[in-house]
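Written out below as C-alpha cells is the structure these notes cover.
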Amino acid sequence: MKKKKIKIIVGVLVLLLVGVSGVVYYLFNMPHRNIQEAKTDYSISSSEIVKEYLVDATIANEKYLEEEGDSKILAVTGKICTISEDQNNQKVILLKDTSDKAGVSCTFTEATNGSTKELTIGQTVTIKGVIRSGAGFDADLDMYEDVIMEKCDVVNE
Amino acid sequence: MNKLSVAVIAIAVFTLTAFKPSASKLISKDAHISFFSHTAVEDITANNYKVVSTLNPTTGDIVYSVPMQSFEFDKALMQKHYNSSKFLDTKKYPKAKFTGKISDLASVDFTKDGSYEADITGNLTIKDKTNPINEKATITVKDGKVSLNTKMNLALGDYGITFSGGKPSTNIAKEIAVTVKAIYQQE
C-alpha cells in the first residue's frame with residue numbers, strides 16, 4: 001500500500017518535471033514571430049501613416065507599437081522612391097510620395113530580398129512588414145525621419 | 001551704378017546663395033549598431049541596421065537616432081524581455097539618441113582619403129536618462145565616401161537598467177560593448 005503511494009507520488013513528480021522543463025525549453029527556444037505568415041493588423045498607404053505620425057506621434061505609437069516589441073504588422077501601399085541595400089545586405093525600399101515630408105523605409109530579409117528584383121523606382125507597391133518606429137521631424141538631425149518597417153516582403157494581389 | 005549692374009550683382013548674389021553647397025551635411029539612414037553582453041552563463045548579441053545618423057564636416061556635429069525596437073536578438077524571448085517595460089520600455093521610449101561633436105575637428109581632413117582618429121564628445125539618451133559620452137572614433141575617407149567606426153562600453157545602470165535578482169542578474173553583463181558603423185552619403 002505504502003509502496004503504491006510512493007510510486008504515484010514519484011510518477012506525478014516526474015510528470016511535473018517533464019512538463020515544466022518542456023515549457024521552459026519551449027520558452028527559451030521560442031521561435032521569432034513569422035511576420036509574413038502572421039495576420040496583417042492594418043492596411044494603409046505610406047502617406048496616411050506618415051500623416052498620422054506627423055499629426056500626433058504619441059497617439060500613433062500607442063496604436064502601432066507593442067510593449068514587448070511585437071508591434072503591429074502593416075501592409076503599406078506607396079510609390080517606390082529609392083531602392084538600396086543596408087550593411088547586412090538586406091534590400092531597403094523607401095515608399096514615399098513626392099509631396100510627403102517623410103516615407104516608410106522597408107527592410108527586406110535574406111529570404112525576401114529576391115522579391116525586390118522586378119521593382120522599379122516610381123512603381124506603386126504594397127509591402128508587408130512589422131513597424132519598428134514612426135516618422136517625425138528631428139530637430140537634432142535637422143531632418144524628417146521615416147517610418148521604419150522590417151522583415152518585409154512584397155504583397156502580391 | 002546703372003540698373004544693369006545692379007541686376008547683375010543681384011543675380012550673382014542670388015546664384016551664390018542658392019547653389020552654395022548647403023553646409024553639406026552627411027547622412028546615413030542604415031547605420032549599424034550592435035551590442036554584446038558577456039557573462040560566464042551566456043553571451044548575448046543584438047544587431048540594429050536601421051540607425052539614422054548625420055555628420056556635419058564643417059561643424060563636426062554628429063547625431064545618432066536609434067530605433068530601439070530594431071534590435072534583433074537570436075532568441076525571441078530575449079528580444080521580448082529587452083523590449084518590455086522592465087528593461088528598455090521601447091513602446092514608451094521608441095528611440096535612443098546621441099548628440100555630440102568631433103572635439104578635435106582639425107585632425108580630420110574630409111577632403112583627403114585616409115583613416116583619422118577623432119575624439120567624440122556628447123550626450124547619450126536612453127529611455128529618459130542622459131549621460132555624457134567621451135569616446136574615440138575612427139573616421140575613414142575613401143574615394144570621397146565618409147564612414148565612422150567606434151566601440152564603447154556602456155554601463156546599463158547609468159540608464160536605469162538594473163537587475164535586482166533572478167536570471168537577468170546572472171545572464172546579462174552590467175557593462176555591455178557597443179559597436180557603431182555608419183557609412184555616410186552626401187545629403
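Ordering of the C-alpha cells sets the chain letters (A, B, ...), residue numbers begin anew at 1 in every chain, and ligands are numbered from 1 in the order given.
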Contact check, segment 44-84 of chain A to segment 100-105 of chain A, at most 12 Å, counting only C-alpha atoms, closest pairs as a tab-separated table:
residue	atom	partner	partner_atom	distance
A:Ile44	CA	A:Val104	CA	11.1
A:Ser45	CA	A:Val104	CA	9.5
A:Ser46	CA	A:Val104	CA	6.0
A:Ser47	CA	A:Asp100	CA	6.7
A:Glu48	CA	A:Gly103	CA	9.9
A:Ile49	CA	A:Val104	CA	8.4
A:Val50	CA	A:Gly103	CA	6.4
A:Lys51	CA	A:Asp100	CA	8.6
A:Glu52	CA	A:Ala102	CA	11.5
A:Tyr53	CA	A:Ala102	CA	9.9
A:Leu54	CA	A:Ala102	CA	9.1
A:Leu74	CA	A:Val104	CA	10.9
A:Ala75	CA	A:Val104	CA	11.0
A:Val76	CA	A:Val104	CA	8.1
A:Thr77	CA	A:Val104	CA	9.5
A:Gly78	CA	A:Val104	CA	8.5
A:Lys79	CA	A:Gly103	CA	9.4
A:Ile80	CA	A:Gly103	CA	9.7
A:Cys81	CA	A:Gly103	CA	8.7
A:Thr82	CA	A:Ser105	CA	9.3
A:Ile83	CA	A:Ser105	CA	9.8
A:Ser84	CA	A:Ser105	CA	10.3
Discussion item. Based on only C-alpha atoms, which of the residues in chain B come within 10 Å of chain A? I want them as a ChimeraX atom specification.
Written reply: /B:25,27,29-32,47-50,52-55,61-95,97-100,181-183
Fill in: All residues 8 Å or closer to Thr59 of chain B, only C-alpha atoms, same chain fewer than 2 positions away omitted, as an MDAnalysis selection string
chainID B and resid 56:57 61 101 105
Taken to one decimal, the atom CA of Gly122 of chain B-atom CA of Phe110 of chain B distance is 20.6 Å
Please give the complete set of residues from segment 16-125 of chain A that DSSP, run on the backbone, assigns to alpha helix (DSSP H), formatted as a short mmCIF file (atom, residue, chain, number, x, y, z; two decimals) with C-alpha atoms, in the first residue's frame.
data_model
loop_
_atom_site.label_atom_id
_atom_site.label_comp_id
_atom_site.auth_asym_id
_atom_site.auth_seq_id
_atom_site.Cartn_x
_atom_site.Cartn_y
_atom_site.Cartn_z
CA LEU A 16 5.55 17.63 -13.43
CA LEU A 17 9.26 17.88 -14.01
CA VAL A 18 8.93 16.83 -17.66
CA GLY A 19 6.09 19.30 -18.13
CA VAL A 20 7.90 22.21 -16.51
CA SER A 21 11.15 21.57 -18.36
CA GLY A 22 9.16 21.26 -21.58
CA VAL A 23 7.64 24.69 -21.04
CA VAL A 24 10.99 26.19 -20.05
CA TYR A 25 12.66 24.62 -23.08
CA TYR A 26 9.92 25.95 -25.37
CA LEU A 27 10.10 29.48 -23.93
CA PHE A 28 13.87 29.55 -24.10
CA SER A 46 2.52 55.40 -46.89
CA SER A 47 1.09 58.95 -46.96
CA GLU A 48 -1.61 58.08 -44.39
CA ILE A 49 0.70 56.54 -41.81
CA VAL A 50 3.25 59.36 -42.17
CA LYS A 51 0.42 61.85 -41.68
CA GLU A 52 -0.80 60.02 -38.56
CA TYR A 53 2.70 60.28 -37.09
CA LEU A 54 3.21 63.92 -38.01
CA VAL A 55 -0.18 64.89 -36.51
CA ALA A 57 3.30 60.69 -32.66
CA THR A 58 2.14 59.70 -29.16
CA ILE A 59 -1.26 58.55 -30.39
CA ALA A 60 0.33 56.77 -33.38
CA ASN A 61 2.87 54.98 -31.17
CA GLU A 62 0.06 53.90 -28.85
CA LYS A 63 -1.75 52.44 -31.87
CA TYR A 64 1.16 50.76 -33.67
#
